[in-house]
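Listing of my_file-v8.pdb; format and content: PDB, C-alpha atoms and all ligand atoms.
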```
MODEL        1
ATOM      1  CA  MET A  24     -73.978  73.155   2.855
ATOM      2  CA  LYS A  25     -74.636  74.322   6.453
ATOM      3  CA  THR A  26     -75.763  71.960   9.143
ATOM      4  CA  SER A  27     -77.424  74.349  11.578
ATOM      5  CA  GLU A  28     -79.869  72.574  13.916
ATOM      6  CA  CYS A  29     -78.603  69.219  12.713
ATOM      7  CA  MET A  30     -81.333  66.582  12.511
ATOM      8  CA  LEU A  31     -79.540  64.416   9.992
ATOM      9  CA  CYS A  32     -79.699  61.226  11.981
ATOM     10  CA  PRO A  33     -81.995  59.632  14.569
ATOM     11  CA  ARG A  34     -80.063  61.262  17.435
ATOM     12  CA  GLN A  35     -81.678  64.546  16.352
ATOM     13  CA  CYS A  36     -79.233  66.674  18.353
ATOM     14  CA  GLY A  37     -80.485  69.928  16.825
ATOM     15  CA  VAL A  38     -77.053  71.537  17.287
ATOM     16  CA  ASP A  39     -75.536  74.129  15.007
ATOM     17  CA  ARG A  40     -72.500  72.223  13.772
ATOM     18  CA  SER A  41     -70.744  75.363  12.621
ATOM     19  CA  VAL A  42     -70.135  76.115  16.321
ATOM     20  CA  LYS A  43     -70.707  72.837  18.163
ATOM     21  CA  PHE A  44     -70.080  69.122  17.874
ATOM     22  CA  GLY A  45     -73.042  66.766  17.736
ATOM     23  CA  PHE A  46     -73.385  63.364  19.415
ATOM     24  CA  CYS A  47     -71.478  62.018  16.399
ATOM     25  CA  GLY A  48     -68.469  64.024  17.604
ATOM     26  CA  GLU A  49     -68.214  66.054  14.406
ATOM     27  CA  SER A  50     -68.673  69.634  13.315
ATOM     28  CA  GLU A  51     -69.674  70.629   9.779
ATOM     29  CA  GLU A  52     -66.086  70.156   8.589
ATOM     30  CA  ILE A  53     -65.682  66.818   6.782
ATOM     31  CA  ARG A  54     -62.994  64.689   8.405
ATOM     32  CA  ILE A  55     -61.691  61.320   7.324
ATOM     33  CA  ALA A  56     -59.390  58.830   9.041
ATOM     34  CA  ARG A  57     -58.254  56.705   6.125
ATOM     35  CA  ALA A  58     -58.647  56.401   2.369
ATOM     36  CA  ALA A  59     -57.146  53.320   0.721
ATOM     37  CA  PRO A  60     -57.942  50.145  -1.209
ATOM     38  CA  HIS A  61     -59.366  47.571   1.183
ATOM     39  CA  MET A  62     -59.392  43.814   0.522
ATOM     40  CA  TRP A  63     -61.608  42.540   3.324
ATOM     41  CA  GLU A  64     -65.091  43.324   2.133
ATOM     42  CA  GLU A  65     -67.293  40.647   0.538
ATOM     43  CA  PRO A  66     -65.639  39.148  -2.610
ATOM     44  CA  PRO A  67     -67.933  40.942  -5.142
ATOM     45  CA  ILE A  68     -67.062  44.230  -3.429
ATOM     46  CA  SER A  69     -63.316  43.821  -2.830
ATOM     47  CA  GLY A  70     -62.731  41.869  -6.046
ATOM     48  CA  THR A  71     -59.065  41.519  -6.956
ATOM     49  CA  LYS A  72     -58.045  45.169  -6.672
ATOM     50  CA  GLY A  73     -59.865  46.221  -3.549
ATOM     51  CA  SER A  74     -62.684  48.485  -2.510
ATOM     52  CA  GLY A  75     -61.795  52.182  -2.382
ATOM     53  CA  THR A  76     -62.706  52.773   1.233
ATOM     54  CA  VAL A  77     -62.945  56.212   2.749
ATOM     55  CA  PHE A  78     -63.418  55.979   6.522
ATOM     56  CA  PHE A  79     -65.144  59.071   7.893
ATOM     57  CA  SER A  80     -64.335  60.279  11.394
ATOM     58  CA  GLY A  81     -66.959  60.202  14.135
ATOM     59  CA  CYS A  82     -70.018  58.007  14.563
ATOM     60  CA  ASN A  83     -73.603  58.525  15.667
ATOM     61  CA  LEU A  84     -73.978  55.070  17.219
ATOM     62  CA  ARG A  85     -70.952  54.528  19.473
ATOM     63  CA  CYS A  86     -71.450  50.901  20.448
ATOM     64  CA  ILE A  87     -69.749  49.963  23.701
ATOM     65  CA  TYR A  88     -67.829  47.207  21.876
ATOM     66  CA  CYS A  89     -66.852  49.461  18.946
ATOM     67  CA  GLN A  90     -64.477  47.713  16.526
ATOM     68  CA  ASN A  91     -63.234  51.018  15.095
ATOM     69  CA  HIS A  92     -62.808  52.866  18.374
ATOM     70  CA  GLU A  93     -59.960  55.025  17.097
ATOM     71  CA  ILE A  94     -62.052  56.811  14.514
ATOM     72  CA  ALA A  95     -65.486  56.531  16.063
ATOM     73  CA  VAL A  96     -64.807  58.139  19.423
ATOM     74  CA  SER A  97     -61.140  59.113  19.655
ATOM     75  CA  HIS A  98     -61.522  62.036  17.273
ATOM     76  CA  LEU A  99     -58.862  60.585  14.987
ATOM     77  CA  GLY A 100     -58.836  61.975  11.471
ATOM     78  CA  TYR A 101     -58.070  64.997   9.365
ATOM     79  CA  ALA A 102     -60.178  67.630   7.653
ATOM     80  CA  VAL A 103     -60.725  67.491   3.915
ATOM     81  CA  THR A 104     -62.217  70.070   1.613
ATOM     82  CA  ALA A 105     -64.697  69.118  -1.079
ATOM     83  CA  ASP A 106     -61.938  69.419  -3.703
ATOM     84  CA  LYS A 107     -59.589  67.204  -1.711
ATOM     85  CA  LEU A 108     -62.269  64.564  -1.274
ATOM     86  CA  LEU A 109     -62.993  64.617  -4.999
ATOM     87  CA  ARG A 110     -59.275  64.108  -5.656
ATOM     88  CA  ILE A 111     -59.241  61.178  -3.233
ATOM     89  CA  PHE A 112     -62.148  59.537  -5.084
ATOM     90  CA  PHE A 113     -60.455  59.976  -8.455
ATOM     91  CA  ASP A 114     -57.061  58.821  -7.104
ATOM     92  CA  LEU A 115     -58.689  55.652  -5.807
ATOM     93  CA  GLN A 116     -60.403  55.108  -9.148
ATOM     94  CA  ALA A 117     -57.045  55.580 -10.888
ATOM     95  CA  GLN A 118     -55.544  52.903  -8.606
ATOM     96  CA  GLY A 119     -58.050  50.454 -10.110
ATOM     97  CA  VAL A 120     -60.357  49.885  -7.124
ATOM     98  CA  HIS A 121     -63.793  48.511  -7.968
ATOM     99  CA  ASN A 122     -65.895  51.047  -6.091
ATOM    100  CA  ILE A 123     -65.812  54.029  -3.732
ATOM    101  CA  ASN A 124     -66.824  52.770  -0.303
ATOM    102  CA  LEU A 125     -68.066  55.539   2.037
ATOM    103  CA  VAL A 126     -67.760  54.133   5.555
ATOM    104  CA  THR A 127     -69.907  55.697   8.301
ATOM    105  CA  ALA A 128     -70.563  58.841   6.321
ATOM    106  CA  GLY A 129     -74.149  59.480   7.457
ATOM    107  CA  HIS A 130     -73.305  62.436   9.694
ATOM    108  CA  PHE A 131     -71.713  64.166   6.674
ATOM    109  CA  ALA A 132     -74.564  63.423   4.252
ATOM    110  CA  HIS A 133     -75.430  67.129   3.754
ATOM    111  CA  GLN A 134     -71.899  67.980   2.729
ATOM    112  CA  LEU A 135     -71.418  64.823   0.655
ATOM    113  CA  ILE A 136     -74.444  65.182  -1.600
ATOM    114  CA  PRO A 137     -73.038  68.006  -3.774
ATOM    115  CA  ILE A 138     -69.610  66.321  -3.785
ATOM    116  CA  LEU A 139     -71.058  63.037  -5.026
ATOM    117  CA  ARG A 140     -73.044  64.887  -7.704
ATOM    118  CA  GLN A 141     -69.858  66.614  -8.800
ATOM    119  CA  ALA A 142     -67.908  63.347  -8.809
ATOM    120  CA  LYS A 143     -70.449  61.698 -11.087
ATOM    121  CA  ALA A 144     -70.552  64.769 -13.352
ATOM    122  CA  ASP A 145     -66.734  64.766 -13.534
ATOM    123  CA  GLY A 146     -66.612  61.128 -14.658
ATOM    124  CA  LEU A 147     -66.392  58.934 -11.573
ATOM    125  CA  ARG A 148     -67.641  55.735 -13.189
ATOM    126  CA  ILE A 149     -67.214  53.073 -10.498
ATOM    127  CA  PRO A 150     -70.148  52.324  -8.155
ATOM    128  CA  ILE A 151     -70.517  54.359  -4.966
ATOM    129  CA  LEU A 152     -71.185  52.345  -1.861
ATOM    130  CA  TRP A 153     -72.819  53.533   1.376
ATOM    131  CA  ASN A 154     -71.397  51.439   4.213
ATOM    132  CA  SER A 155     -73.218  52.177   7.450
ATOM    133  CA  SER A 156     -74.296  51.032  10.888
ATOM    134  CA  GLY A 157     -77.929  51.059   9.771
ATOM    135  CA  TYR A 158     -78.773  53.733  12.366
ATOM    136  CA  GLU A 159     -79.854  56.386   9.902
ATOM    137  CA  SER A 160     -82.934  58.392   9.247
ATOM    138  CA  ALA A 161     -84.917  57.241   6.222
ATOM    139  CA  ASP A 162     -85.241  60.931   5.205
ATOM    140  CA  THR A 163     -81.458  61.229   4.979
ATOM    141  CA  ILE A 164     -81.248  58.043   2.913
ATOM    142  CA  ARG A 165     -83.965  59.472   0.654
ATOM    143  CA  MET A 166     -81.741  62.494  -0.066
ATOM    144  CA  LEU A 167     -79.083  60.128  -1.443
ATOM    145  CA  GLU A 168     -81.339  58.709  -4.148
ATOM    146  CA  GLY A 169     -79.535  58.523  -7.492
ATOM    147  CA  LEU A 170     -76.114  59.024  -5.905
ATOM    148  CA  ILE A 171     -75.567  55.679  -4.186
ATOM    149  CA  ASP A 172     -75.351  52.473  -6.211
ATOM    150  CA  ILE A 173     -74.798  49.949  -3.442
ATOM    151  CA  TYR A 174     -76.010  50.082   0.139
ATOM    152  CA  LEU A 175     -74.102  48.022   2.669
ATOM    153  CA  PRO A 176     -75.941  48.595   5.975
ATOM    154  CA  ASP A 177     -75.501  46.677   9.200
ATOM    155  CA  PHE A 178     -78.529  45.257  10.925
ATOM    156  CA  LYS A 179     -77.245  44.991  14.481
ATOM    157  CA  TYR A 180     -80.182  44.524  16.825
ATOM    158  CA  ILE A 181     -83.861  43.700  16.724
ATOM    159  CA  ASN A 182     -84.401  43.859  20.468
ATOM    160  CA  PRO A 183     -84.644  47.467  21.746
ATOM    161  CA  LYS A 184     -83.200  46.320  25.080
ATOM    162  CA  THR A 185     -79.990  45.100  23.438
ATOM    163  CA  ALA A 186     -79.838  48.260  21.328
ATOM    164  CA  LYS A 187     -80.200  50.387  24.454
ATOM    165  CA  GLU A 188     -77.637  48.435  26.438
ATOM    166  CA  TYR A 189     -74.946  48.255  23.755
ATOM    167  CA  SER A 190     -75.510  51.432  21.716
ATOM    168  CA  ASN A 191     -77.783  53.614  23.832
ATOM    169  CA  ALA A 192     -80.213  53.547  20.919
ATOM    170  CA  PRO A 193     -83.441  51.703  21.841
ATOM    171  CA  ASP A 194     -84.954  53.007  18.595
ATOM    172  CA  TYR A 195     -82.283  51.199  16.543
ATOM    173  CA  PRO A 196     -84.544  48.309  15.405
ATOM    174  CA  GLU A 197     -87.346  50.514  14.078
ATOM    175  CA  THR A 198     -84.911  53.033  12.617
ATOM    176  CA  ALA A 199     -82.830  50.382  10.856
ATOM    177  CA  LYS A 200     -85.994  48.763   9.458
ATOM    178  CA  ALA A 201     -87.182  52.085   7.992
ATOM    179  CA  SER A 202     -83.821  53.103   6.522
ATOM    180  CA  LEU A 203     -83.325  49.626   5.019
ATOM    181  CA  ALA A 204     -86.762  49.799   3.396
ATOM    182  CA  GLU A 205     -85.746  53.075   1.748
ATOM    183  CA  MET A 206     -82.441  51.592   0.539
ATOM    184  CA  VAL A 207     -84.247  48.613  -0.994
ATOM    185  CA  ARG A 208     -86.776  50.940  -2.643
ATOM    186  CA  GLN A 209     -83.928  52.846  -4.283
ATOM    187  CA  VAL A 210     -81.595  50.153  -5.536
ATOM    188  CA  GLY A 211     -83.322  46.788  -4.972
ATOM    189  CA  ALA A 212     -81.734  43.364  -5.153
ATOM    190  CA  PRO A 213     -77.996  42.835  -5.676
ATOM    191  CA  GLN A 214     -76.852  42.969  -9.292
ATOM    192  CA  PHE A 215     -73.507  41.723 -10.527
ATOM    193  CA  ASP A 216     -71.351  42.287 -13.576
ATOM    194  CA  SER A 217     -71.766  39.135 -15.667
ATOM    195  CA  GLN A 218     -68.080  39.039 -16.596
ATOM    196  CA  THR A 219     -66.284  40.074 -13.426
ATOM    197  CA  GLY A 220     -68.841  38.996 -10.812
ATOM    198  CA  LEU A 221     -68.433  42.376  -9.101
ATOM    199  CA  MET A 222     -71.454  43.932  -7.431
ATOM    200  CA  THR A 223     -72.780  46.895  -9.395
ATOM    201  CA  ARG A 224     -75.998  47.780  -7.579
ATOM    202  CA  GLY A 225     -78.315  46.708  -4.773
ATOM    203  CA  VAL A 226     -78.490  46.141  -1.039
ATOM    204  CA  GLN A 227     -76.229  43.819   0.917
ATOM    205  CA  VAL A 228     -77.151  43.628   4.621
ATOM    206  CA  ARG A 229     -74.523  42.729   7.165
ATOM    207  CA  HIS A 230     -75.139  41.167  10.512
ATOM    208  CA  LEU A 231     -72.370  40.713  13.041
ATOM    209  CA  VAL A 232     -73.140  37.831  15.376
ATOM    210  CA  LEU A 233     -72.389  38.875  18.960
ATOM    211  CA  PRO A 234     -71.250  36.432  21.654
ATOM    212  CA  GLY A 235     -74.217  35.177  23.664
ATOM    213  CA  HIS A 236     -76.718  36.605  21.162
ATOM    214  CA  ALA A 237     -77.337  33.815  18.654
ATOM    215  CA  GLN A 238     -81.048  33.932  19.371
ATOM    216  CA  GLU A 239     -81.255  37.620  18.476
ATOM    217  CA  SER A 240     -79.274  36.891  15.312
ATOM    218  CA  ARG A 241     -81.886  34.304  14.329
ATOM    219  CA  GLN A 242     -84.674  36.802  14.997
ATOM    220  CA  ILE A 243     -82.953  39.356  12.766
ATOM    221  CA  LEU A 244     -82.527  36.888   9.924
ATOM    222  CA  TRP A 245     -86.146  35.827  10.279
ATOM    223  CA  TYR A 246     -87.297  39.466  10.059
ATOM    224  CA  LEU A 247     -85.106  40.197   7.045
ATOM    225  CA  PHE A 248     -86.136  37.060   5.205
ATOM    226  CA  GLN A 249     -89.835  37.524   5.940
ATOM    227  CA  THR A 250     -89.610  41.086   4.629
ATOM    228  CA  TYR A 251     -87.209  40.810   1.693
ATOM    229  CA  GLY A 252     -86.701  37.095   1.031
ATOM    230  CA  ASN A 253     -83.727  36.647  -1.279
ATOM    231  CA  GLY A 254     -84.270  40.121  -2.716
ATOM    232  CA  ILE A 255     -81.350  41.420  -0.648
ATOM    233  CA  GLY A 256     -77.864  40.040  -0.132
ATOM    234  CA  TYR A 257     -76.869  38.770   3.315
ATOM    235  CA  SER A 258     -73.517  38.760   5.080
ATOM    236  CA  ILE A 259     -73.430  36.885   8.357
ATOM    237  CA  MET A 260     -70.236  37.765  10.134
ATOM    238  CA  ASN A 261     -68.354  36.183  13.028
ATOM    239  CA  GLN A 262     -65.490  38.694  13.173
ATOM    240  CA  TYR A 263     -66.506  40.213  16.506
ATOM    241  CA  THR A 264     -63.279  41.052  18.331
ATOM    242  CA  PRO A 265     -63.393  41.883  22.038
ATOM    243  CA  MET A 266     -61.623  45.194  22.460
ATOM    244  CA  PRO A 267     -59.724  46.034  25.680
ATOM    245  CA  GLN A 268     -62.609  48.095  27.084
ATOM    246  CA  MET A 269     -64.780  44.936  27.062
ATOM    247  CA  LYS A 270     -62.479  42.717  29.110
ATOM    248  CA  ASP A 271     -64.857  42.515  32.110
ATOM    249  CA  HIS A 272     -68.136  42.333  30.211
ATOM    250  CA  PRO A 273     -70.155  39.174  31.022
ATOM    251  CA  LEU A 274     -70.889  38.398  27.346
ATOM    252  CA  LEU A 275     -68.827  40.635  25.092
ATOM    253  CA  SER A 276     -65.402  39.826  26.531
ATOM    254  CA  ARG A 277     -64.984  36.796  24.253
ATOM    255  CA  LYS A 278     -65.249  35.896  20.580
ATOM    256  CA  VAL A 279     -68.242  34.120  19.100
ATOM    257  CA  THR A 280     -67.848  30.354  19.440
ATOM    258  CA  ALA A 281     -67.849  28.109  16.361
ATOM    259  CA  GLN A 282     -71.010  26.466  17.702
ATOM    260  CA  GLU A 283     -72.858  29.788  18.087
ATOM    261  CA  TYR A 284     -71.899  30.864  14.593
ATOM    262  CA  GLU A 285     -72.770  27.531  12.990
ATOM    263  CA  ASN A 286     -76.099  27.594  14.744
ATOM    264  CA  VAL A 287     -76.927  30.958  13.108
ATOM    265  CA  ILE A 288     -75.703  29.850   9.672
ATOM    266  CA  ARG A 289     -77.719  26.632   9.888
ATOM    267  CA  TYR A 290     -80.811  28.636  10.760
ATOM    268  CA  ALA A 291     -80.272  30.961   7.792
ATOM    269  CA  LYS A 292     -80.187  27.959   5.459
ATOM    270  CA  GLN A 293     -83.232  26.382   7.118
ATOM    271  CA  ILE A 294     -85.441  29.429   6.579
ATOM    272  CA  GLY A 295     -84.443  29.682   2.920
ATOM    273  CA  ILE A 296     -81.680  32.304   2.727
ATOM    274  CA  GLU A 297     -79.703  31.427  -0.387
ATOM    275  CA  ASN A 298     -77.272  34.238  -1.021
ATOM    276  CA  ALA A 299     -75.373  34.717   2.231
ATOM    277  CA  TYR A 300     -71.689  35.406   2.683
ATOM    278  CA  THR A 301     -70.212  33.800   5.753
ATOM    279  CA  GLN A 302     -66.759  33.976   7.302
ATOM    280  CA  GLU A 303     -64.172  31.401   8.252
ATOM    281  CA  GLY A 304     -63.184  31.275  11.938
ATOM    282  CA  GLU A 305     -59.909  33.059  11.298
ATOM    283  CA  ALA A 306     -61.748  36.233  10.284
ATOM    284  CA  ALA A 307     -62.275  36.990  13.978
ATOM    285  CA  CYS A 308     -58.859  38.495  14.281
ATOM    286  CA  GLU A 309     -57.812  42.015  15.179
ATOM    287  CA  SER A 310     -55.656  42.183  12.067
ATOM    288  CA  PHE A 311     -58.830  42.463   9.978
ATOM    289  CA  ILE A 312     -59.511  45.822  11.614
ATOM    290  CA  PRO A 313     -57.609  48.377   9.541
ATOM    291  CA  LYS A 314     -55.041  50.608  11.181
ATOM    292  CA  PHE A 315     -55.747  54.311  11.156
ATOM    293  CA  SER A 316     -52.929  56.775  11.030
ATOM    294  CA  GLY A 317     -55.144  59.864  11.294
ATOM    295  CA  GLN A 318     -52.839  61.582   8.810
ATOM    296  CA  PRO A 319     -53.434  62.562   5.198
ATOM    297  CA  GLN A 320     -52.270  59.787   2.847
TER     298      GLN A 320
HETATM  299  S1  LIG A 401     -75.520  63.794  12.522
HETATM  300 FE1  LIG A 401     -74.409  64.201  14.459
HETATM  301  S2  LIG A 401     -75.087  66.256  15.085
HETATM  302 FE2  LIG A 401     -76.505  65.563  13.499
HETATM  303  S3  LIG A 401     -78.224  64.673  14.606
HETATM  304 FE3  LIG A 401     -76.806  62.988  14.149
HETATM  305  S4  LIG A 401     -75.413  62.827  15.915
HETATM  306 FE4  LIG A 401     -76.476  64.807  16.035
ENDMDL
END
```
Would you mind giving the structure from this file in structure tokens?
Ligand code: SF4
Amino acid sequence: MKTSECMLCPRQCGVDRSVKFGFCGESEEIRIARAAPHMWEEPPISGTKGSGTVFFSGCNLRCIYCQNHEIAVSHLGYAVTADKLLRIFFDLQAQGVHNINLVTAGHFAHQLIPILRQAKADGLRIPILWNSSGYESADTIRMLEGLIDIYLPDFKYINPKTAKEYSNAPDYPETAKASLAEMVRQVGAPQFDSQTGLMTRGVQVRHLVLPGHAQESRQILWYLFQTYGNGIGYSIMNQYTPMPQMKDHPLLSRKVTAQEYENVIRYAKQIGIENAYTQEGEAACESFIPKFSGQPQ
């Protein structure tokens, strides 16, 4: 599928990706940085055998504190054809992973739609997960209806000022609200296999607490709970890791303190959030960020 005048995401670059890169840093050629079982998602997603993650190259958000800098902005990755990507999905399934986890794939949505249809037609039976920054157009999410079983979006900011300062995307809050609403419309509340406890369908929203931003985290949780109650899953994460480029930043040069994190978790309980995954302090460690070789595996 061609991506001339690309308007796939809220950046709305309008570029012809057959001849030019968009803000996401990618042309129309699908590129991935890593495809492997991954054990560090939420327990009902990683299970005992891992989540079959496929990390796509490029990113349309490019946060200044990016935790996956190598693939988001350093152009790391390798091109894959539709056939190769199908083989990767089926190889992962054969390794016993519990799902196919498409990480930051939004800027390849056009190309992925026919591939996902083919995968399902060819017998891919494990759930397909859409793991994203939340900065996506609701129209693009609408095109994925029937192909994605589990949505795993971030909800990063609710204050346009923070979104502008950290991701140059002041429209992030409104955009993330609209795309989340579409995800919930499609797949609804989390559902789990009664025997294995693995997630089979639904929306699980992730929020990464940022140092110095506990108040914004509380505002986000309040918005989500007022809108969806316990009809979505929540993951409240403390794994923010200051990368070298943040060493002089007044707030983002440190990890989240235990007090900040506890404060957010306590608030979540107070307002009535029941089904939230939280992280132990040790999760805030660089070793939880996967290494990317940029080579076919
Ligand atoms: S997907 Fe990439 S090229 Fe297309 S609008 Fe978004 S940032 Fe621009």
How would you write, as a ChimeraX atom specification, the set of residues no farther than 9 Å from ligand LIG 401 (chain A) when counting all atoms listed in the file?
/A:26,28-40,43-51,81-84,129-132,159
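CA of Leu115 in chain A to CA of Gly75 in chain A spans 5.8 Å [interatomic distance, one decimal].
Proximity ranking of A:Gln141, A:Ser240, A:Asn191, A:Asn122 relative to Lys179 in chain A places A:Ser240 first, based on only C-alpha atoms.
Omitting Pro234 in chain A and its sequence neighbours fewer than 2 positions away, and counting only C-alpha atoms, the residues within 6 Å are His236, Leu275 and Val279 of chain A.
Between CA of Arg229 in chain A and CA of Phe112 in chain A there is a distance of 24.2 Å.
The residues returned by the PyMOL selection byres (((chain A and resi 135) around 10) and not hetatm) on the shown structure are Met24, Ile53, Ala105, Leu108, Leu125, Ala128, Gly129, His130, Phe131, Ala132, His133, Gln134, Ile136, Pro137, Ile138, Leu139, Arg140, Gln141, Leu167 and Leu170 of chain A.
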Residues of the last selection are to be written out with C-alpha atoms, as a PDB file, in the frame of the given file.
```pdb
ATOM      1  CA  MET A  24     -73.978  73.155   2.855  1.00  0.00           C
ATOM      2  CA  ILE A  53     -65.682  66.818   6.782  1.00  0.00           C
ATOM      3  CA  ALA A 105     -64.697  69.118  -1.079  1.00  0.00           C
ATOM      4  CA  LEU A 108     -62.269  64.564  -1.274  1.00  0.00           C
ATOM      5  CA  LEU A 125     -68.066  55.539   2.037  1.00  0.00           C
ATOM      6  CA  ALA A 128     -70.563  58.841   6.321  1.00  0.00           C
ATOM      7  CA  GLY A 129     -74.149  59.480   7.457  1.00  0.00           C
ATOM      8  CA  HIS A 130     -73.305  62.436   9.694  1.00  0.00           C
ATOM      9  CA  PHE A 131     -71.713  64.166   6.674  1.00  0.00           C
ATOM     10  CA  ALA A 132     -74.564  63.423   4.252  1.00  0.00           C
ATOM     11  CA  HIS A 133     -75.430  67.129   3.754  1.00  0.00           C
ATOM     12  CA  GLN A 134     -71.899  67.980   2.729  1.00  0.00           C
ATOM     13  CA  ILE A 136     -74.444  65.182  -1.600  1.00  0.00           C
ATOM     14  CA  PRO A 137     -73.038  68.006  -3.774  1.00  0.00           C
ATOM     15  CA  ILE A 138     -69.610  66.321  -3.785  1.00  0.00           C
ATOM     16  CA  LEU A 139     -71.058  63.037  -5.026  1.00  0.00           C
ATOM     17  CA  ARG A 140     -73.044  64.887  -7.704  1.00  0.00           C
ATOM     18  CA  GLN A 141     -69.858  66.614  -8.800  1.00  0.00           C
ATOM     19  CA  LEU A 167     -79.083  60.128  -1.443  1.00  0.00           C
ATOM     20  CA  LEU A 170     -76.114  59.024  -5.905  1.00  0.00           C
TER      21      LEU A 170
END
```
Any chance you could work out the residue set of the PyMOL selection byres (((chain A and resi 151) around 8) and not hetatm) here, as a PDB file with C-alpha atoms, keeping the file's coordinate frame?
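Heads up, here's the output in result32.pdb:
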```
ATOM      1  CA  ASN A 122     -65.895  51.047  -6.091  1.00  0.00           C
ATOM      2  CA  ILE A 123     -65.812  54.029  -3.732  1.00  0.00           C
ATOM      3  CA  ASN A 124     -66.824  52.770  -0.303  1.00  0.00           C
ATOM      4  CA  LEU A 125     -68.066  55.539   2.037  1.00  0.00           C
ATOM      5  CA  ILE A 149     -67.214  53.073 -10.498  1.00  0.00           C
ATOM      6  CA  PRO A 150     -70.148  52.324  -8.155  1.00  0.00           C
ATOM      7  CA  LEU A 152     -71.185  52.345  -1.861  1.00  0.00           C
ATOM      8  CA  TRP A 153     -72.819  53.533   1.376  1.00  0.00           C
ATOM      9  CA  LEU A 170     -76.114  59.024  -5.905  1.00  0.00           C
ATOM     10  CA  ILE A 171     -75.567  55.679  -4.186  1.00  0.00           C
ATOM     11  CA  ASP A 172     -75.351  52.473  -6.211  1.00  0.00           C
ATOM     12  CA  ILE A 173     -74.798  49.949  -3.442  1.00  0.00           C
TER      13      ILE A 173
END
```
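One distance worth recording is that between CA of Met260 in chain A and CA of Leu231 in chain A, which is 4.7 Å.
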Axis-aligned box for all listed atoms of range 261-276 of chain A, 6 Å per side, centre and edges in Å to one decimal, as AutoDock Vina command-line options:
```
--center_x -65.3 --center_y 42.1 --center_z 22.6 --size_x 23.2 --size_y 23.9 --size_z 31.1
```
Proximity check range 128-199 of chain A to range 246-251 of chain A, 12 Å, nearest pairs one decimal Å, only C-alpha atoms, as a tab-separated table:
```
residue	atom	partner	partner_atom	distance
A:Asp177	CA	A:Leu247	CA	11.8
A:Phe178	CA	A:Leu247	CA	9.2
A:Lys179	CA	A:Leu247	CA	11.8
A:Tyr180	CA	A:Tyr246	CA	11.0
A:Ile181	CA	A:Tyr246	CA	8.6
A:Asn182	CA	A:Tyr246	CA	11.7
A:Pro196	CA	A:Tyr246	CA	10.7
A:Glu197	CA	A:Tyr246	CA	11.8
A:Ala199	CA	A:Leu247	CA	11.1
```
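Once the PyMOL selection byres (((chain A and resi 212) around 9) and not hetatm) is applied to the shown structure, the selection contains Val207, Val210, Gly211, Pro213, Gln214, Arg224, Gly225, Val226, Gln227, Asn253, Gly254, Ile255 and Gly256 of chain A.
Once Thr219 in chain A and its same-chain neighbours fewer than 3 positions away are set aside, Pro67, Gly70, Phe215, Asp216 and Met222 of chain A remain within 9 Å of it when counting all atoms listed in the file.
Candidate residues A:Leu221, A:Val77, A:Ala204, A:Leu147 were compared for distance to His121 in chain A, and the nearest is A:Leu221, using only C-alpha atoms.
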Incomplete range 132-143 of chain A filled out to N, CA and C atoms as an mmCIF file, in the coordinates of the input:
```
data_model
loop_
_atom_site.group_PDB
_atom_site.id
_atom_site.type_symbol
_atom_site.label_atom_id
_atom_site.label_comp_id
_atom_site.auth_asym_id
_atom_site.auth_seq_id
_atom_site.Cartn_x
_atom_site.Cartn_y
_atom_site.Cartn_z
ATOM 1 N N ALA A 132 -73.752 63.578 5.469
ATOM 2 C CA ALA A 132 -74.564 63.423 4.252
ATOM 3 C C ALA A 132 -74.824 64.768 3.567
ATOM 4 N N HIS A 133 -75.147 65.808 4.352
ATOM 5 C CA HIS A 133 -75.430 67.129 3.754
ATOM 6 C C HIS A 133 -74.277 67.604 2.887
ATOM 7 N N GLN A 134 -73.072 67.477 3.455
ATOM 8 C CA GLN A 134 -71.899 67.980 2.729
ATOM 9 C C GLN A 134 -71.550 67.073 1.546
ATOM 10 N N LEU A 135 -71.839 65.771 1.695
ATOM 11 C CA LEU A 135 -71.418 64.823 0.655
ATOM 12 C C LEU A 135 -72.291 64.868 -0.596
ATOM 13 N N ILE A 136 -73.531 65.237 -0.447
ATOM 14 C CA ILE A 136 -74.444 65.182 -1.600
ATOM 15 C C ILE A 136 -73.913 66.001 -2.791
ATOM 16 N N PRO A 137 -73.563 67.274 -2.606
ATOM 17 C CA PRO A 137 -73.038 68.006 -3.774
ATOM 18 C C PRO A 137 -71.701 67.450 -4.272
ATOM 19 N N ILE A 138 -70.909 66.883 -3.368
ATOM 20 C CA ILE A 138 -69.610 66.321 -3.785
ATOM 21 C C ILE A 138 -69.827 65.073 -4.647
ATOM 22 N N LEU A 139 -70.778 64.250 -4.244
ATOM 23 C CA LEU A 139 -71.058 63.037 -5.026
ATOM 24 C C LEU A 139 -71.641 63.404 -6.393
ATOM 25 N N ARG A 140 -72.497 64.426 -6.398
ATOM 26 C CA ARG A 140 -73.044 64.887 -7.704
ATOM 27 C C ARG A 140 -71.908 65.340 -8.611
ATOM 28 N N GLN A 141 -70.992 66.098 -8.015
ATOM 29 C CA GLN A 141 -69.858 66.614 -8.800
ATOM 30 C C GLN A 141 -68.990 65.457 -9.300
ATOM 31 N N ALA A 142 -68.756 64.486 -8.428
ATOM 32 C CA ALA A 142 -67.908 63.347 -8.809
ATOM 33 C C ALA A 142 -68.503 62.626 -10.014
ATOM 34 N N LYS A 143 -69.810 62.399 -9.953
ATOM 35 C CA LYS A 143 -70.449 61.698 -11.087
ATOM 36 C C LYS A 143 -70.365 62.562 -12.346
#
```
